[in-house]
Amino acid sequence: MAKLTVNGKEVEVPAGTNLIEAARAAGVEVPHYCYHPGLSIAGQCRLCMVDIEKTPRPTIACNTVAADGMVVNTETDRVRETRKSIMEFHLINHPLDCPVCDQAGECWLQIYYMKHGLYDPRMKDEKVHKPKAVPLGPHVILDAERCILCSRCVRFCDEITATGELGIFERGDHSEIGLFPGRELDNKYSANVVDICPVGALTDRDFRFQVRVWYLDTAKSICPGCARGCNIEVHVNRRRPHHAEGRRVARLKPRFNAEVNKWWICDAGRYGFGFVDAPDRLLTPAQREGGSSTDVTWELGIAAVAGALRRLPPEQLGVIASPKMANEDLFALRRLLDLHGISQAAGRVPTRVPGDEDDFLIRADKNPNSLGAELMGFGGDARTVLEAARARRLKFLWVFGHDLLASALSERDVLEAFRAVETVVFTGSNANWTSAHAHWVLPAAAWAEREGTYTNFEGRVQRFRTAIEPLGQALAEWEIVGRVMASLGQTLSATRAEHLFRQLVEAVPAFAGLSYPLLGDTGSPLAAAGAAGRPGAGAPPSEATSSSC
Amino acid sequence: MAEIVLMRNFSNPESHTLDAYRASGGYAAWDRARAIEPAAITEEVKKANLRGLGGAGFPTGTKWSFIPKTHTGPVYLVVNADEGEPGTFKDRYLLERDPHALIEGMLIAARAIRCTKGFVYIRGEYVEPWRRFSAAVKEAYDAGLLGQGFDVVVHRGAGAYICGEETGLLSSLEGKKGWPKIKPPFPAIKGAFGQPTIVNNVETLCCVPPIVTRGAEWFAGLGTKTQGGTRMYSVSGRVKKPAVYEAPVSITLRRLIETAGGVSGTGRLKAVVPGGGSAAILSADEIDVTMDVDGLKAAGSMIGSAGVVVMDESVSIPEALMVLARFYAHESCGQCTPCRESTGWIYKMVHRIVDGRGHKEDLDTILDVAKRGAGTTICAFYDGAVGPYISYIEKFRSEFEALIPHG
């Protein structure tokens with residue numbers, strides 16, 4: 001540990017901490033561009049100058065390690081003057097095209113000019129011109145004139161993805177970021193360079209020109225794209241619906257979580273939100289008869305499920321839940337199944353090809369809650385349930401989310417199973433083969449339209465929050481289950497996902513001790529899984545749910 | 001006349017060969033050094049008051065002593081032969097005419113720092129020096145001088161001035177863009193390929209064999225109290241006999257100009273750049289300064305690489321600054337913002353003034369920009385540019401003002 005003083009405030013930081021982080025610990029922000037806690041020290045923007053007692057001139061904070069007894073001042077006159085000068089240098093060749101720049105509103109040139117610049121511009125000469133609107137890869141576009149050459153993007157590709165697509169070419173004020181010959185910025189994490197670009201040099205090809213960032217609202221969320229559960233922010237446009245052609249989810253951004261994804265997310269996850277506003281969203285409950293589909297009321301849809309549950313013996317009822325459902329949904333469904341003694345339940349549908357995986361963030365399992373589903377008793381293979389259907393042992397089948405044909409299951413088997421069942425109900429957010437072949441469709445809210453928790457592959461339980469209202473009449477799965485129970489005279493005792501989580505914590509030992517406040521923004525490991533240090537170490541599913549019924 | 005040490009072999013047309021070098025007593029110092037403890041060699045160099053002759057003037061023995069004693073991995077010796085300072089052309093003569101002196105200096109230095117591998121980074125444009133030096137290296141290998149515990153790799157640069165900055169050179173040597181490295185760590189702790197490294201200039205290392213042969217006291221006695229030896233002054237510009245002159249570091253600039261035949265052109269001196277392009281300019285009445293590290297420091301300039309550029313009264317100082325400003329704008333590596341942005345900006349302003357399109361506030365803007373950027377960068381490149389920016393304008397302001405319409 002090192003004990004030092006920053007702007008008169010004493011602070012103790014771990015050995016090796018640099019002065020930017022030490023100042024942060026003391027509640028002092030040292031402005032900087034090139035420094036990024038996830039990357040090596042470059043020391044080239046020269047903005048993070050601070051005064052250290054007994055040193056002849058201001059020193060860069062990023063490359064100075066905090067030492068015992070150090071007296072640091074970030075607000076001396078000469079530091080302020082130096083910062084102002086550095087801001088002027090950063091801006092003399094900048095095109096100042098904020099009105100047409102996507103970064104405007106979240107640009108660190110704007111922010112720091114207002115905080116630390118505010119000089120009268122003296123540059124009268126022609127600025128240096130560089131390439132503009134250069135696509136670097138599928139997701140990222142470069143405006144070299146806006147670039148301040150902080151090299152964060154270069155270091156990201158060198159140090160994080162180790163793909164090395166980018167370099168700084170030319171010299172002096174003609175220096176520019178660019179691709180090495182024959183390369184494309186197409187690694188699986190490429191768009192992170194947009195997040196770490198402090199200015200408008202690298203922008204997101206998907207997001208740019210869709211909506212000005214100051215119209216965006218944000219919600220803390222979890223990426224539903226794989227079992228990693230990267231922490232993200234969902235940025236939504238509710239204020240300017242005429243922008244972005246009605247697309248409400250504008251973009252996803254990584255949210256720091258030291259235990260899960262640090263500062264990063266993969267491109268697949270980042271751009272995986274399209275389904276939320278896609279034209280194939282299921283908006284109203286519907287009934288299909290003889291090839292044609294009719295919108296119906298929720299009452300009718302719920303009655304179809306409740307009627308089957310009331311009428312049929314439990315061995316004729318089957319459920320295929322989904323590891324994309326939240327813990328709360330799965331818990332509600334588990335209660336319903338246990339109340340009715342339904343044992344034909346599964347959650348896992350084999351994929352046609354194994355998902356891609358790497359040794360960084362991307363997991364082969366493309367479901368955000370496989371472990372949660374397992375702990376709630378939905379770890380079984382859907383083939384068992386479909387087998388029972390094909391053997392004409394089932395009269396009712398409720399499928400959640402899955403497109404059963406976009407899987408390793410054979411079309412013949414699935415069709416045969418569906419034909420053998422009297423009532424097939426589908427609950428999901430988007431249309432697919434299953435919804436097209438179900439007798440009843442009960443529309444579910446997308447993950448961004450409701451709240452809940454996922455349990456990632458390491459047994460970390462993390463909350464995701466509501467970013468937007470559900471489209472049409474869609475409801476969260478737990479609400480649909482709740483309505484079914486209500487119509488059967490049973491009660492779920494929950495008006496919010498959190499109520500269900502409390503019950504879940506009581507009922508499922510693996511979740512013992514957890515609560516929404518405890519999960520906070522970055523989640524918490526399952527007690528048992530955390531202790532055992534491996535996924536799936538929670539209590540076996542049958543025991544896990546026994547106490548709830 | 002003072003003693004000639006570095007250029008002692010230059011008059012022999014065969015001086016670059018091993019035979020000629022041996023005939024004039026070459027490699028005797030190495031034979032002697034082999035019997036001396038490494039630490040004692042460093043001590044001798046310290047006592048000789050040898051200071052780096054590449055530009056910074058850092059005490060050589062002290063630099064050598066920075067290699068961590070506890071380090072168990074490789075230690076590298078890197079020779080900076082990327083001579084690129086405007087007005088400097090001494091190292092090329094050493095490489096061409098006395099390459100074995102450098103090899104011998106390297107052998108002794110390598111023993112002092114317990115190094116088994118040396119790199120010689122030669123400026124890309126120096127084709128003949130590279131040929132001569134490479135041939136000498138081959139001779140030294142064939143003669144068993146090299147390859148017996150010390151190897152030499154000759155590496156050619158590609159023409160960037162910044163690769164003469166010691167850490168820019170190391171980046172380039174490592175195969176990277178020649179960007180100076182952020183310090184700390186300093187090269188002696190973590191240099192080439194992450195290992196402790198000593199970077200010495202060609203001329204500096206050529207001083208080492210005579211120190212070993214003739215002793216530290218003799219070498220120290222050639223110079224001033226704080227800097228021993230002689231050095232090679234590249235004298236060019238408006239002098240009658242532009243050339244490299246070796247002289248004790250205590251020589252005055254006035255005497256040096258006289259040695260070079262005196263001022264040519266109009267015959268009337270206007271100004272002198274005493275230590276390469278990055279040194280602050282001296283006016284005609286400032287030339288009684290001694291040409292050692294501390295003498296020029298006291299005069300507000302620097303000896304740098306001892307490149308002396310003489311300007312007679314017909315030389316336009318604004319044009320001279322424009323040429324230098326273009327050089328700095330062109331050669332700034334672009335890593336640090338203040339240097340990258342302001343070298344280009346200042347060049348545009350100076351160019352505009354010379355072009356007759358200056359504004360009356362331009363001169364103060366240049367001075368302010370230069371002063372604001374000084375001392376804010378990773379390496380000394382920008383501070384080297386600031387020296388001329390400020391001194392040319394402050395000492396010859398009226399010349400600039402005369403070019404500004406309604407100035």
# chains A, B, ... in the order shown; residues from 1 in each chain; ligands from 1
>>> interface_residues(of="chain A", to="chain B", cutoff="7 Å", atoms="only C-alpha atoms", output="PyMOL selection string")
chain A and resi 43-46+82+85-86+89-90+125+171-173+175
>>> residues_around(residues="region 469-475 of chain A", least_positions_apart="2", cutoff="10 Å", atoms="only C-alpha atoms", output="VMD selection string")
chain A and resid 238 248 276 to 277 281 to 285 297 to 298 427 to 429 442 to 450 466 to 467 477 to 481
>>> closest_residue(among="B:Ala247, B:Val202, B:Val78, B:Val152", to="Pro187 (chain B)", atoms="only C-alpha atoms")
B:Val78
>>> residues_around(residues="region 103-116 of chain B", least_positions_apart="4", cutoff="8 Å", atoms="only C-alpha atoms", output="ChimeraX atom specification")
/B:26-27,29-30,33-34,37-42,64-65,67,74-77,99,137,149-151,205-209
>>> write_last_selection(atoms="C-alpha atoms", output="PDB file, in the first residue's frame")
ATOM      1  CA  GLY B  26      44.959  -0.634 -32.638  1.00  0.00           C
ATOM      2  CA  TYR B  27      43.404  -3.250 -30.345  1.00  0.00           C
ATOM      3  CA  ALA B  29      43.640  -1.086 -25.584  1.00  0.00           C
ATOM      4  CA  TRP B  30      41.396  -4.113 -25.875  1.00  0.00           C
ATOM      5  CA  ALA B  33      41.175  -3.981 -20.998  1.00  0.00           C
ATOM      6  CA  ARG B  34      40.817  -7.749 -21.007  1.00  0.00           C
ATOM      7  CA  GLU B  37      38.023  -5.907 -13.973  1.00  0.00           C
ATOM      8  CA  PRO B  38      34.820  -4.618 -15.645  1.00  0.00           C
ATOM      9  CA  ALA B  39      34.044  -2.272 -12.766  1.00  0.00           C
ATOM     10  CA  ALA B  40      37.539  -0.824 -13.010  1.00  0.00           C
ATOM     11  CA  ILE B  41      37.014  -0.003 -16.697  1.00  0.00           C
ATOM     12  CA  THR B  42      33.848   1.905 -15.811  1.00  0.00           C
ATOM     13  CA  TRP B  64      27.392   2.324 -17.672  1.00  0.00           C
ATOM     14  CA  SER B  65      27.121   1.973 -13.913  1.00  0.00           C
ATOM     15  CA  ILE B  67      23.129  -1.526 -15.388  1.00  0.00           C
ATOM     16  CA  PRO B  74      21.330 -10.505 -21.337  1.00  0.00           C
ATOM     17  CA  VAL B  75      22.631  -6.951 -21.348  1.00  0.00           C
ATOM     18  CA  TYR B  76      22.888  -5.094 -24.639  1.00  0.00           C
ATOM     19  CA  LEU B  77      25.208  -2.441 -25.967  1.00  0.00           C
ATOM     20  CA  PRO B  99      35.632   1.588 -38.021  1.00  0.00           C
ATOM     21  CA  VAL B 137      33.100  -6.194 -38.532  1.00  0.00           C
ATOM     22  CA  GLY B 149      32.106 -13.748 -26.207  1.00  0.00           C
ATOM     23  CA  PHE B 150      30.910 -10.621 -27.952  1.00  0.00           C
ATOM     24  CA  ASP B 151      28.886 -10.399 -31.130  1.00  0.00           C
ATOM     25  CA  LEU B 205      32.848   4.817 -27.855  1.00  0.00           C
ATOM     26  CA  CYS B 206      35.789   5.792 -30.066  1.00  0.00           C
ATOM     27  CA  CYS B 207      37.124   7.757 -27.094  1.00  0.00           C
ATOM     28  CA  VAL B 208      37.252   4.643 -24.952  1.00  0.00           C
ATOM     29  CA  PRO B 209      40.335   2.843 -26.395  1.00  0.00           C
TER      30      PRO B 209
END
>>> select_by_dssp(residues="region 347-427 of chain A", states="strand (DSSP E)", output="list in words")
Phe396, Leu397, Trp398, Val399, Phe400, Thr423, Val424, Val425, Phe426 and Thr427 of chain A
>>> atom_distance(atom1="CA of Gly372 (chain A)", atom2="CA of Gln462 (chain A)")
11.0 Å
>>> residues_around(residues="Pro323 (chain A)", least_positions_apart="6", cutoff="9 Å", atoms="only C-alpha atoms", output="PyMOL selection string")
chain A and resi 330+347-348+367-374+378-379
>>> residues_around(residues="region 9-13 of chain B", least_positions_apart="4", cutoff="12 Å", atoms="only C-alpha atoms", output="JSON, numbers by chain")
{"B": [4, 5, 17, 18, 19, 20, 21, 22, 23, 24, 25, 26, 93, 94, 95, 96, 97, 98, 99, 100, 101, 206, 244, 245, 246]}
>>> residues_around(residues="Ser305 (chain B)", least_positions_apart="3", cutoff="10 Å", atoms="only C-alpha atoms", output="number ranges by chain")
B: 52-57, 83-91, 201, 203, 231-234, 274-279, 302, 308
>>> residues_around(residues="Ala191 (chain A)", least_positions_apart="5", cutoff="7 Å", atoms="only C-alpha atoms", output="ChimeraX atom specification")
/A:139-140,267
>>> decode(residues="region 289-403 of chain A", atoms="C-alpha atoms", output="short mmCIF file (atom, residue, chain, number, x, y, z; two decimals), in the first residue's frame")
data_model
loop_
_atom_site.label_atom_id
_atom_site.label_comp_id
_atom_site.auth_asym_id
_atom_site.auth_seq_id
_atom_site.Cartn_x
_atom_site.Cartn_y
_atom_site.Cartn_z
CA GLU A 289 -56.99 -23.23 -36.55
CA GLY A 290 -56.86 -25.05 -39.82
CA GLY A 291 -53.91 -23.10 -41.12
CA SER A 292 -55.15 -19.59 -40.28
CA SER A 293 -54.28 -17.55 -37.25
CA THR A 294 -56.65 -15.27 -35.33
CA ASP A 295 -55.75 -12.73 -32.68
CA VAL A 296 -57.48 -13.46 -29.42
CA THR A 297 -57.68 -11.88 -25.99
CA TRP A 298 -55.30 -12.83 -23.20
CA GLU A 299 -58.31 -14.32 -21.37
CA LEU A 300 -58.87 -16.80 -24.19
CA GLY A 301 -55.20 -17.64 -24.49
CA ILE A 302 -54.78 -18.13 -20.77
CA ALA A 303 -57.97 -20.19 -20.65
CA ALA A 304 -56.55 -22.55 -23.27
CA VAL A 305 -53.60 -23.37 -21.02
CA ALA A 306 -55.55 -23.36 -17.77
CA GLY A 307 -58.22 -25.57 -19.32
CA ALA A 308 -55.68 -28.17 -20.33
CA LEU A 309 -54.09 -28.14 -16.90
CA ARG A 310 -57.45 -28.53 -15.27
CA ARG A 311 -58.71 -31.19 -17.62
CA LEU A 312 -55.73 -33.42 -18.27
CA PRO A 313 -53.84 -35.72 -15.94
CA PRO A 314 -50.29 -34.49 -15.29
CA GLU A 315 -48.64 -37.28 -17.27
CA GLN A 316 -50.34 -35.96 -20.41
CA LEU A 317 -48.81 -32.47 -19.97
CA GLY A 318 -45.38 -31.54 -21.24
CA VAL A 319 -43.31 -28.36 -21.05
CA ILE A 320 -40.18 -27.30 -22.88
CA ALA A 321 -38.86 -24.25 -21.07
CA SER A 322 -35.97 -22.17 -22.31
CA PRO A 323 -32.56 -21.32 -20.88
CA LYS A 324 -33.16 -17.85 -22.31
CA MET A 325 -35.87 -17.31 -19.69
CA ALA A 326 -35.00 -15.45 -16.51
CA ASN A 327 -34.63 -17.21 -13.17
CA GLU A 328 -37.93 -15.61 -12.11
CA ASP A 329 -39.81 -17.02 -15.12
CA LEU A 330 -38.36 -20.45 -14.59
CA PHE A 331 -39.18 -20.36 -10.91
CA ALA A 332 -42.80 -19.38 -11.62
CA LEU A 333 -43.05 -22.14 -14.19
CA ARG A 334 -41.49 -24.63 -11.79
CA ARG A 335 -44.13 -23.75 -9.18
CA LEU A 336 -46.91 -24.29 -11.68
CA LEU A 337 -45.49 -27.64 -12.76
CA ASP A 338 -44.98 -28.80 -9.20
CA LEU A 339 -48.51 -27.77 -8.21
CA HIS A 340 -49.81 -29.96 -10.98
CA GLY A 341 -47.29 -32.74 -10.60
CA ILE A 342 -46.08 -32.33 -14.16
CA SER A 343 -42.86 -34.22 -14.69
CA GLN A 344 -42.45 -34.06 -18.46
CA ALA A 345 -40.35 -30.90 -18.44
CA ALA A 346 -37.15 -30.00 -20.23
CA GLY A 347 -35.22 -26.90 -21.17
CA ARG A 348 -32.35 -27.87 -23.38
CA VAL A 349 -32.74 -28.16 -27.13
CA PRO A 350 -29.66 -29.53 -28.87
CA THR A 351 -28.10 -27.08 -31.34
CA ARG A 352 -27.50 -28.08 -34.92
CA VAL A 353 -23.89 -26.92 -34.82
CA PRO A 354 -21.92 -26.16 -31.68
CA GLY A 355 -21.73 -22.46 -30.90
CA ASP A 356 -18.42 -20.71 -31.42
CA GLU A 357 -16.29 -20.23 -28.37
CA ASP A 358 -13.01 -18.58 -27.48
CA ASP A 359 -10.77 -18.23 -24.47
CA PHE A 360 -11.90 -14.69 -23.78
CA LEU A 361 -15.61 -13.94 -23.41
CA ILE A 362 -17.54 -15.91 -26.00
CA ARG A 363 -19.18 -19.12 -24.74
CA ALA A 364 -20.43 -21.94 -26.93
CA ASP A 365 -23.70 -22.03 -24.99
CA LYS A 366 -25.69 -19.19 -26.52
CA ASN A 367 -28.19 -19.08 -23.65
CA PRO A 368 -27.85 -16.59 -20.84
CA ASN A 369 -29.43 -18.77 -18.17
CA SER A 370 -28.62 -22.41 -18.74
CA LEU A 371 -27.38 -22.85 -15.22
CA GLY A 372 -30.48 -21.14 -13.79
CA ALA A 373 -32.67 -23.41 -15.89
CA GLU A 374 -30.78 -26.43 -14.63
CA LEU A 375 -31.12 -25.33 -11.02
CA MET A 376 -34.86 -24.87 -11.54
CA GLY A 377 -35.24 -28.38 -12.94
CA PHE A 378 -35.24 -27.50 -16.62
CA GLY A 379 -31.86 -28.96 -17.45
CA GLY A 380 -33.32 -31.96 -19.27
CA ASP A 381 -33.17 -32.60 -22.99
CA ALA A 382 -36.27 -31.62 -24.99
CA ARG A 383 -35.96 -34.85 -26.94
CA THR A 384 -37.37 -36.77 -23.95
CA VAL A 385 -40.51 -34.63 -23.96
CA LEU A 386 -40.90 -34.84 -27.73
CA GLU A 387 -40.39 -38.59 -27.49
CA ALA A 388 -43.30 -38.78 -25.07
CA ALA A 389 -45.36 -36.66 -27.46
CA ARG A 390 -44.56 -38.89 -30.41
CA ALA A 391 -45.52 -41.89 -28.31
CA ARG A 392 -48.92 -40.18 -27.87
CA ARG A 393 -48.46 -39.96 -24.14
CA LEU A 394 -48.90 -36.15 -24.19
CA LYS A 395 -52.03 -34.21 -25.04
CA PHE A 396 -50.66 -30.77 -24.19
CA LEU A 397 -47.26 -29.26 -24.94
CA TRP A 398 -46.09 -25.78 -23.93
CA VAL A 399 -42.94 -24.62 -25.69
CA PHE A 400 -41.08 -21.49 -24.58
CA GLY A 401 -39.00 -19.55 -27.06
CA HIS A 402 -37.32 -22.39 -28.94
CA ASP A 403 -37.39 -22.67 -32.65
#
